[in-house]
Each structure stands twice: as C-alpha cells, then as structure tokens.
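Source file: input.cif; contents: mmCIF, C-alpha atoms and all ligand atoms.
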```
data_target
#
loop_
_atom_site.label_atom_id
_atom_site.label_comp_id
_atom_site.auth_asym_id
_atom_site.auth_seq_id
_atom_site.Cartn_x
_atom_site.Cartn_y
_atom_site.Cartn_z
CA MET P 1134 -38.93 13.52 3.03
CA PRO P 1135 -35.22 13.31 2.08
CA SER P 1136 -34.18 9.98 0.55
CA SER P 1137 -31.43 9.62 3.19
CA LEU P 1138 -31.87 10.71 6.77
CA VAL P 1139 -28.14 10.51 7.39
CA GLN P 1140 -25.62 10.93 4.61
CA PHE P 1141 -21.83 11.08 4.88
CA GLU P 1142 -20.09 11.96 1.63
CA ASN P 1143 -16.31 11.53 1.85
CA VAL P 1144 -16.23 12.92 5.38
CA SER P 1145 -12.90 13.35 7.15
CA PHE P 1146 -12.24 14.55 10.67
CA ALA P 1147 -9.10 15.01 12.75
CA TYR P 1148 -8.34 15.93 16.35
CA GLY P 1149 -5.50 18.38 15.78
CA GLU P 1150 -3.03 16.72 13.46
CA ARG P 1151 -4.40 13.28 14.17
CA PRO P 1152 -6.84 11.90 11.55
CA VAL P 1153 -9.73 10.09 13.24
CA LEU P 1154 -12.06 9.57 10.25
CA THR P 1155 -10.87 9.47 6.66
CA ASP P 1156 -13.10 9.64 3.61
CA VAL P 1157 -16.15 8.07 5.25
CA SER P 1158 -19.22 7.67 3.03
CA LEU P 1159 -22.42 6.11 4.30
CA SER P 1160 -26.12 6.53 3.84
CA ILE P 1161 -29.08 5.68 6.05
CA LYS P 1162 -32.59 5.80 4.66
CA PRO P 1163 -35.88 6.28 6.52
CA GLY P 1164 -36.87 3.00 8.18
CA GLN P 1165 -33.32 1.63 8.29
CA VAL P 1166 -31.43 0.45 11.35
CA VAL P 1167 -27.69 0.44 10.80
CA ALA P 1168 -24.87 -0.86 13.00
CA ILE P 1169 -21.37 0.55 13.12
CA MET P 1170 -18.82 -1.92 14.39
CA GLY P 1171 -15.11 -1.63 14.87
CA GLY P 1172 -12.36 -2.01 17.39
CA SER P 1173 -11.69 0.37 20.24
CA GLY P 1174 -10.62 3.79 18.98
CA SER P 1175 -11.66 3.09 15.37
CA GLY P 1176 -13.86 6.21 15.27
CA LYS P 1177 -17.37 4.88 15.99
CA THR P 1178 -18.31 7.44 18.63
CA THR P 1179 -16.83 10.18 16.45
CA ILE P 1180 -19.42 9.29 13.79
CA LEU P 1181 -22.21 9.76 16.35
CA LYS P 1182 -20.71 13.08 17.49
CA LEU P 1183 -20.65 14.30 13.88
CA ILE P 1184 -24.31 13.38 13.38
CA GLY P 1185 -25.18 15.16 16.63
CA GLY P 1186 -23.29 18.25 15.46
CA GLN P 1187 -20.98 18.26 18.51
CA ILE P 1188 -18.12 18.30 16.02
CA GLN P 1189 -18.16 19.23 12.33
CA PRO P 1190 -16.46 17.55 9.33
CA HIS P 1191 -13.14 19.00 8.22
CA GLN P 1192 -13.71 17.66 4.73
CA GLY P 1193 -16.65 16.22 2.84
CA LYS P 1194 -20.36 16.73 3.39
CA LEU P 1195 -22.69 15.49 6.11
CA THR P 1196 -26.45 15.89 5.92
CA VAL P 1197 -28.96 14.95 8.62
CA ALA P 1198 -32.64 14.94 7.63
CA GLY P 1199 -31.62 16.66 4.39
CA GLU P 1200 -29.78 19.53 6.08
CA ASP P 1201 -26.06 20.23 5.81
CA VAL P 1202 -24.81 19.82 9.38
CA GLY P 1203 -21.25 20.83 8.51
CA SER P 1204 -22.17 24.44 7.83
CA MET P 1205 -24.69 25.04 10.62
CA ASN P 1206 -24.40 27.74 13.25
CA GLU P 1207 -25.35 27.11 16.90
CA ALA P 1208 -29.00 28.17 16.42
CA SER P 1209 -29.51 25.82 13.46
CA LEU P 1210 -27.73 23.01 15.30
CA TYR P 1211 -30.06 23.46 18.28
CA LYS P 1212 -33.06 23.17 15.95
CA MET P 1213 -31.58 20.16 14.17
CA ARG P 1214 -30.89 18.34 17.45
CA LYS P 1215 -34.64 18.33 18.18
CA LYS P 1216 -34.85 15.76 15.40
CA LEU P 1217 -32.36 13.47 17.14
CA GLY P 1218 -32.91 10.97 19.91
CA MET P 1219 -29.91 9.60 21.77
CA LEU P 1220 -29.49 6.60 24.02
CA PHE P 1221 -26.05 6.26 25.46
CA GLN P 1222 -24.77 3.49 27.67
CA PHE P 1223 -24.03 5.93 30.43
CA GLY P 1224 -26.87 8.31 29.57
CA ALA P 1225 -28.27 7.89 33.03
CA LEU P 1226 -31.68 9.00 34.19
CA PHE P 1227 -31.96 12.04 36.44
CA THR P 1228 -31.88 10.29 39.80
CA ASP P 1229 -33.85 12.97 41.64
CA LEU P 1230 -36.73 12.92 39.13
CA SER P 1231 -39.48 10.30 38.90
CA VAL P 1232 -39.83 8.10 35.81
CA PHE P 1233 -42.66 10.39 34.65
CA ASP P 1234 -40.60 13.56 35.04
CA ASN P 1235 -37.60 11.97 33.31
CA VAL P 1236 -39.65 11.21 30.20
CA ALA P 1237 -41.45 14.57 30.40
CA PHE P 1238 -38.12 16.43 30.62
CA PRO P 1239 -37.39 16.85 26.86
CA LEU P 1240 -41.05 17.69 26.21
CA ARG P 1241 -41.02 20.44 28.84
CA GLU P 1242 -37.60 21.72 27.72
CA ARG P 1243 -38.03 21.64 23.99
CA SER P 1244 -41.75 21.95 23.22
CA ASN P 1245 -44.49 24.36 24.17
CA LEU P 1246 -47.06 21.66 24.76
CA PRO P 1247 -49.56 22.09 27.60
CA GLU P 1248 -49.03 19.89 30.67
CA SER P 1249 -52.18 17.85 29.95
CA MET P 1250 -50.78 16.83 26.56
CA ILE P 1251 -47.34 16.13 28.04
CA HIS P 1252 -49.04 13.83 30.53
CA ASP P 1253 -50.67 11.79 27.75
CA LEU P 1254 -47.49 11.73 25.66
CA VAL P 1255 -45.36 10.48 28.57
CA LEU P 1256 -47.77 7.61 29.25
CA MET P 1257 -47.85 6.81 25.53
CA LYS P 1258 -44.03 6.69 25.33
CA LEU P 1259 -43.79 4.53 28.46
CA ASN P 1260 -46.39 2.24 26.95
CA ALA P 1261 -44.36 2.07 23.72
CA VAL P 1262 -41.38 0.67 25.65
CA GLY P 1263 -43.56 -1.83 27.49
CA LEU P 1264 -43.72 0.01 30.82
CA ARG P 1265 -47.02 0.75 32.43
CA GLY P 1266 -47.75 1.75 36.00
CA VAL P 1267 -44.18 2.80 36.76
CA SER P 1268 -44.43 6.54 36.23
CA ASP P 1269 -44.32 7.38 39.94
CA LEU P 1270 -41.26 5.24 40.65
CA MET P 1271 -37.83 6.77 41.19
CA PRO P 1272 -34.86 5.55 39.08
CA SER P 1273 -33.35 3.82 42.15
CA GLU P 1274 -36.42 1.56 42.26
CA LEU P 1275 -35.87 0.23 38.70
CA SER P 1276 -33.91 -2.76 37.43
CA GLY P 1277 -31.12 -2.06 34.92
CA GLY P 1278 -33.28 -3.24 32.02
CA MET P 1279 -36.24 -1.09 33.11
CA ALA P 1280 -34.01 1.95 33.55
CA ARG P 1281 -32.67 1.50 30.00
CA ARG P 1282 -36.27 1.33 28.73
CA VAL P 1283 -37.20 4.53 30.57
CA ALA P 1284 -34.14 6.18 28.99
CA LEU P 1285 -35.40 4.92 25.64
CA ALA P 1286 -38.88 6.39 26.29
CA ARG P 1287 -37.17 9.70 27.10
CA ALA P 1288 -35.07 9.49 23.91
CA ILE P 1289 -38.16 9.04 21.70
CA ALA P 1290 -40.24 11.66 23.53
CA LEU P 1291 -39.97 14.18 20.68
CA ASP P 1292 -40.52 11.58 17.90
CA PRO P 1293 -36.98 11.84 16.51
CA ALA P 1294 -36.19 11.37 12.82
CA VAL P 1295 -32.81 9.89 13.71
CA MET P 1296 -31.99 7.73 16.73
CA LEU P 1297 -28.41 7.32 17.91
CA TYR P 1298 -27.44 4.43 20.18
CA ASP P 1299 -23.99 4.12 21.74
CA GLU P 1300 -23.51 0.59 23.13
CA PRO P 1301 -27.19 0.16 24.06
CA PHE P 1302 -26.77 -3.49 25.07
CA THR P 1303 -23.84 -3.15 27.46
CA GLY P 1304 -24.43 -4.36 31.01
CA LEU P 1305 -27.82 -5.95 30.35
CA ASP P 1306 -28.83 -9.54 31.09
CA PRO P 1307 -29.74 -11.62 27.99
CA ILE P 1308 -33.51 -11.10 28.35
CA SER P 1309 -33.30 -7.32 28.82
CA LEU P 1310 -30.80 -7.22 25.97
CA ALA P 1311 -33.19 -8.98 23.58
CA THR P 1312 -36.04 -6.72 24.76
CA ILE P 1313 -34.03 -3.57 24.06
CA GLY P 1314 -33.01 -4.97 20.66
CA LYS P 1315 -36.62 -5.61 19.67
CA LEU P 1316 -37.68 -2.19 20.95
CA ILE P 1317 -34.96 -0.46 18.92
CA ARG P 1318 -36.25 -2.22 15.80
CA ASN P 1319 -39.97 -1.70 16.52
CA LEU P 1320 -39.66 1.93 17.55
CA ASN P 1321 -37.62 2.67 14.45
CA ASP P 1322 -40.30 1.11 12.27
CA ALA P 1323 -43.12 2.89 14.11
CA LEU P 1324 -41.36 6.27 13.87
CA GLY P 1325 -40.20 5.76 10.26
CA ALA P 1326 -36.87 6.94 11.65
CA ALA P 1327 -33.28 6.02 10.89
CA SER P 1328 -31.31 4.40 13.71
CA VAL P 1329 -27.56 4.17 14.12
CA ILE P 1330 -26.22 1.67 16.64
CA VAL P 1331 -22.60 1.66 17.74
CA THR P 1332 -22.08 -1.73 19.28
CA HIS P 1333 -19.75 -4.60 20.03
CA ASP P 1334 -22.68 -6.98 20.32
CA VAL P 1335 -22.51 -8.84 17.04
CA GLU P 1336 -25.25 -11.41 17.59
CA GLU P 1337 -27.93 -9.05 18.87
CA SER P 1338 -27.24 -6.38 16.30
CA LEU P 1339 -27.16 -8.77 13.34
CA SER P 1340 -30.62 -9.98 14.35
CA ILE P 1341 -32.18 -6.49 14.23
CA VAL P 1342 -30.25 -4.30 11.77
CA ASP P 1343 -30.61 -3.83 8.01
CA TYR P 1344 -27.00 -2.99 7.31
CA VAL P 1345 -23.58 -3.01 8.98
CA TYR P 1346 -20.53 -0.81 8.45
CA PHE P 1347 -17.15 -2.01 9.73
CA LEU P 1348 -14.73 0.69 10.75
CA ALA P 1349 -10.97 0.32 11.22
CA ASP P 1350 -8.59 3.20 11.84
CA GLY P 1351 -11.25 5.72 10.83
CA LYS P 1352 -12.04 4.10 7.49
CA ILE P 1353 -14.95 1.93 6.39
CA VAL P 1354 -13.26 -1.35 5.49
CA ALA P 1355 -16.35 -3.49 4.86
CA GLU P 1356 -20.13 -3.22 4.76
CA GLY P 1357 -23.16 -5.31 4.03
CA THR P 1358 -26.51 -6.74 5.09
CA PRO P 1359 -26.53 -9.21 8.02
CA GLU P 1360 -26.85 -12.06 5.48
CA GLN P 1361 -23.79 -10.83 3.59
CA VAL P 1362 -21.89 -10.26 6.81
CA ARG P 1363 -22.54 -13.79 8.09
CA VAL P 1364 -21.02 -15.40 4.98
CA SER P 1365 -18.30 -12.81 4.40
CA THR P 1366 -14.75 -14.01 3.87
CA HIS P 1367 -13.36 -10.52 4.58
CA PRO P 1368 -10.72 -10.93 7.32
CA PHE P 1369 -12.01 -8.01 9.44
CA VAL P 1370 -15.59 -9.16 9.21
CA LYS P 1371 -14.72 -12.78 9.98
CA GLN P 1372 -12.76 -11.70 13.00
CA PHE P 1373 -15.70 -9.72 14.36
CA ILE P 1374 -18.35 -12.28 13.66
CA ASN P 1375 -16.36 -15.13 15.14
CA GLY P 1376 -15.02 -13.10 18.04
CA GLU P 1377 -11.47 -14.14 17.21
CA THR P 1378 -8.82 -12.36 19.18
CA ASP P 1379 -6.20 -12.91 16.52
CA GLY P 1380 -6.59 -11.21 13.16
CA PRO P 1381 -6.28 -7.83 11.47
CA VAL P 1382 -8.01 -5.99 14.35
CA PRO P 1383 -5.71 -5.61 17.33
CA PHE P 1384 -7.95 -6.17 20.36
CA HIS P 1385 -5.21 -6.00 22.92
CA LYS P 1386 -1.92 -4.26 23.10
CA PRO P 1387 0.94 -6.73 23.65
CA ALA P 1388 1.23 -6.98 27.43
CA ALA P 1389 4.09 -7.86 29.68
CA PRO P 1390 3.65 -11.15 31.55
CA TYR P 1391 1.70 -10.95 34.84
CA SER P 1392 4.86 -11.80 36.70
CA SER P 1393 6.37 -8.46 35.73
CA ASP P 1394 3.23 -6.65 37.03
CA LEU P 1395 3.98 -8.26 40.35
CA GLY P 1396 7.58 -7.21 40.14
CA LEU P 1397 8.70 -10.83 39.68
CA GLU P 1398 11.01 -12.35 37.14
CA PRO P 1399 9.20 -14.66 34.68
CA ARG P 1400 9.52 -18.25 35.80
CA HIS P 1401 11.34 -20.56 33.47
CA ALA P 1402 10.56 -24.25 33.30
N1 LIG L 1 -11.63 14.81 22.34
C1 LIG L 1 -10.66 14.09 21.76
N2 LIG L 1 -9.44 14.62 21.57
C2 LIG L 1 -8.45 13.92 20.96
N3 LIG L 1 -8.58 12.67 20.51
C3 LIG L 1 -9.78 12.07 20.66
C4 LIG L 1 -10.88 12.74 21.30
N4 LIG L 1 -11.95 11.90 21.30
C5 LIG L 1 -11.53 10.76 20.71
N5 LIG L 1 -10.25 10.87 20.32
C6 LIG L 1 -9.47 9.83 19.61
O1 LIG L 1 -10.11 9.55 18.38
C7 LIG L 1 -10.05 8.17 18.09
C8 LIG L 1 -11.46 7.64 17.83
O2 LIG L 1 -12.24 7.75 19.01
P1 LIG L 1 -13.73 7.20 19.12
O3 LIG L 1 -14.21 7.53 20.50
O4 LIG L 1 -14.54 7.67 17.97
O5 LIG L 1 -13.50 5.61 18.99
P2 LIG L 1 -14.50 4.42 19.22
O6 LIG L 1 -14.42 3.58 17.99
O7 LIG L 1 -15.84 4.93 19.60
O8 LIG L 1 -13.81 3.66 20.43
P3 LIG L 1 -14.44 2.87 21.69
O9 LIG L 1 -15.07 1.63 21.13
O10 LIG L 1 -13.23 2.56 22.52
O11 LIG L 1 -15.40 3.80 22.35
C9 LIG L 1 -9.37 7.50 19.27
O12 LIG L 1 -8.05 7.23 18.92
C10 LIG L 1 -9.44 8.52 20.38
O13 LIG L 1 -8.33 8.42 21.20
#
```
Using the file provided, produce a representation of the structure as structure tokens.
Amino acid sequence: MPSSLVQFENVSFAYGERPVLTDVSLSIKPGQVVAIMGGSGSGKTTILKLIGGQIQPHQGKLTVAGEDVGSMNEASLYKMRKKLGMLFQFGALFTDLSVFDNVAFPLRERSNLPESMIHDLVLMKLNAVGLRGVSDLMPSELSGGMARRVALARAIALDPAVMLYDEPFTGLDPISLATIGKLIRNLNDALGAASVIVTHDVEESLSIVDYVYFLADGKIVAEGTPEQVRVSTHPFVKQFINGETDGPVPFHKPAAPYSSDLGLEPRHA
C-alpha cells in the first residue's frame, strides 16, 4: 500500500490566466481524515476536482493511491475513479429509484458481481450507515439525515480507498450532523481509507479529523492537528475557529446600505 493515499507536491492550477491553486503540497495517509477549510472561492472544491481527475494540475505532481493522476488518460482515470467515493452536499439520490437500487447502482454499473452478491452488499452497506429495513423506501419517504446516510452507503458501495466529502454537514439538524460526522470517521477507519472533507463546519470537523489545512487565495496558509488548531495564534486560523467576521479572511464584500437597495437615500440622524 502506498504511504500516502493522496499526495499533492507543489501543485498549481489556473482557469485560463487566473491562478486558482498555487504551489499546494499536502499528504493524506491511509486511515487519516483531513479537513480543508477556507473562505468562499479559496480553491477547496478545486482540490477535490483535482483528486477526482476532473481537472489536472498545470504544475507539480498529484498522486492518488500511488498513481500519478496528472498524466492519466481517460481510460486510466475511469479505473482510478473506482477507488474514489464521493459525497457531495447536492449529490442527490436518484428520486425514481428505491433506497436499495440507489445503493446497488455503482455496484451494477462498475462491477461484474452477481445480483445475489449485490443484494448482500447493499444490505451490508445500509447496515454500516445505521439503516436497516429501509431498502424498499423511495427517497421522498426519507428524512434529510436518512437521505444523506443512504448517499453515504452508495458512496462506500465499492469500498473506496479515498473518500471525498464536499460540505457533508450542510442543511442537517444537530443530531443528524453528529451522526454523519461519526459515520465519516468510523467508515474511514473500517475501510482503512483516506477521507478529505471540505467544510465550513469548524466544530464538527475538529471533533472527527486528524489534520486540517487552511486555504486562502489558493494557497495553504496554515495547517495542523485539531489540538494545534484550537490553540493557534495564526490570524486566519483564529478567525475561522472563533467565527469572527472581521480578520484576514474577507467573508463579505463591502455592501451598500439596505436603504440604497430600496432606492432610498440613507437616513441621517
Ligand atoms: N469552471 C470554472 N471556470 C473559471 N473559474 C472557476 C471555475 N470553477 C471555479 N472557478 C473559480 O476558482 C476559484 C476557486 O473555486 P472553488 O470552487 O475551488 O472555491 P471554494 O473554496 O470551493 O469556494 P466555495 O466555498 O464558495 O464553494 C473561485 O474564484 C472560482 O470563481
């Protein structure tokens, strides 16, 4: 097994002339869960797209499960993607398929397993996310938290080496959120996989991850274990951890007063 399941070595990427990631180096070992945090537009999703091979580095080297993703052709990328599991915030279930058929989908598409084995695997994956007796339900009959767990069962159907999560906690109530957090950790440990979580949810992610990278303007500006992050005096890190709106990370563009939105002159006292 490679010592790192995901390795960025001085990776840069640009959309046209516009640099989006500059000189990013990071490494994720088997068994590790890593969070990537940063403001809007800092390049977090671009990191996931690079790992998934949807885009390729313009400079530097990126390996996934020991293989150089930057130089792969379509056929090799297709093979490599079998080793990835993805759970995206808006990665909805197929609404016209039952829970069972949703989880069976990647197994039917990407393996040659007989239907009897697929049946057992689907029930095993649903069991792994704490769902039993729901396989005949349709997605419309599930709560938001249950739907996210079914999506998670579908994402782990092929026992991925690397799991990618884009905002997995968004839109969940606190109990479902904690459940998903624990599942991400436990499934990673059970699979011996590496997990990458792009998230704004500082508290939940610090309680489950091994390491955090902070991204600003496409560069890694700070990194550390949750313990290091909690006591960090780094201005970026402090701003994130304390949820401060004022600091080096611009959360909001300067806005005109509401009165001007309404076409009114600002009122003076
Ligand atoms: N297909 C594209 N073409 C051109 N520019 C893009 C494209 N996709 C993203 N970008 C730009 O690249 C930068 C990084 O985008 P990315 O989606 O990685 O940010 P992010 O950190 O995930 O942001 P958010 O938290 O808002 O999702 C942004 O400035 C964005 O506008």
Please produce, as CSV, a per-residue contact table for chain P versus ligand LIG 1 (chain L) (criterion: any atom at most 6 Å away, only C-alpha atoms and all ligand atoms considered), showing the nearest atom pair and its distance in Å to one decimal, sorted by chain then residue number.
```
residue,atom,partner,partner_atom,distance
P:Tyr1148,CA,L:LIG1,C2,5.0
P:Val1153,CA,L:LIG1,O1,5.2
P:Gly1172,CA,L:LIG1,O9,5.9
P:Ser1173,CA,L:LIG1,O10,3.5
P:Gly1174,CA,L:LIG1,O5,3.4
P:Ser1175,CA,L:LIG1,O6,3.8
P:Gly1176,CA,L:LIG1,O4,3.1
P:Lys1177,CA,L:LIG1,O6,3.8
P:Thr1178,CA,L:LIG1,O7,3.7
P:Thr1179,CA,L:LIG1,O4,3.7
```
Point to revise | Nearest to Arg1318 (chain P), chosen from P:Val1166, P:Val1335, P:Val1236, P:Val1255, with all atoms listed in the file counted in the distances | key: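 Ranked by minimum distance to Arg1318 (chain P), first place goes to P:Val1166.
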Exercise for review: Counting all atoms listed in the file, figure out which residue out of P:Gln1361, P:Ser1244, P:Ser1273, P:Ser1137 gets nearest to Lys1212 (chain P).
Suggested key: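 Of all the options, P:Ser1244 lies closest to Lys1212 (chain P).
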Review point. Which residues come within 6 Å of Gly1193 (chain P), counting all atoms listed in the file, excluding same-chain residues fewer than 6 positions away, as number ranges by chain?
Key: P: 1142-1144
Review point. Which residue gives the smallest distance to Ile1161 (chain P) among P:Met1279, P:Leu1254, P:Met1296, P:Ile1308, with only C-alpha atoms counted?
Key: P:Met1296
Practice item. Take CA of Asp1299 (chain P) and CA of Asn1206 (chain P) and report the distance between them in Å, one decimal. Key: 25.1 Å
Practice item. Step by step: start from the point (-18.1, -9.8, 14.0) in the file's coordinates, keep every protein, DNA or RNA residue that has an atom no farther than 12 Å from it, count only C-alpha atoms, and write the set as a ChimeraX atom specification. Key: /P:1168-1172,1332-1339,1345-1348,1355-1356,1359,1361-1378,1380,1382
Check your understanding: So what do you get for CA of Gly1304 (chain P) versus CA of Ile1330 (chain P), distance-wise?
Key ->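 Rounded to one decimal, the two atoms are 15.7 Å apart.
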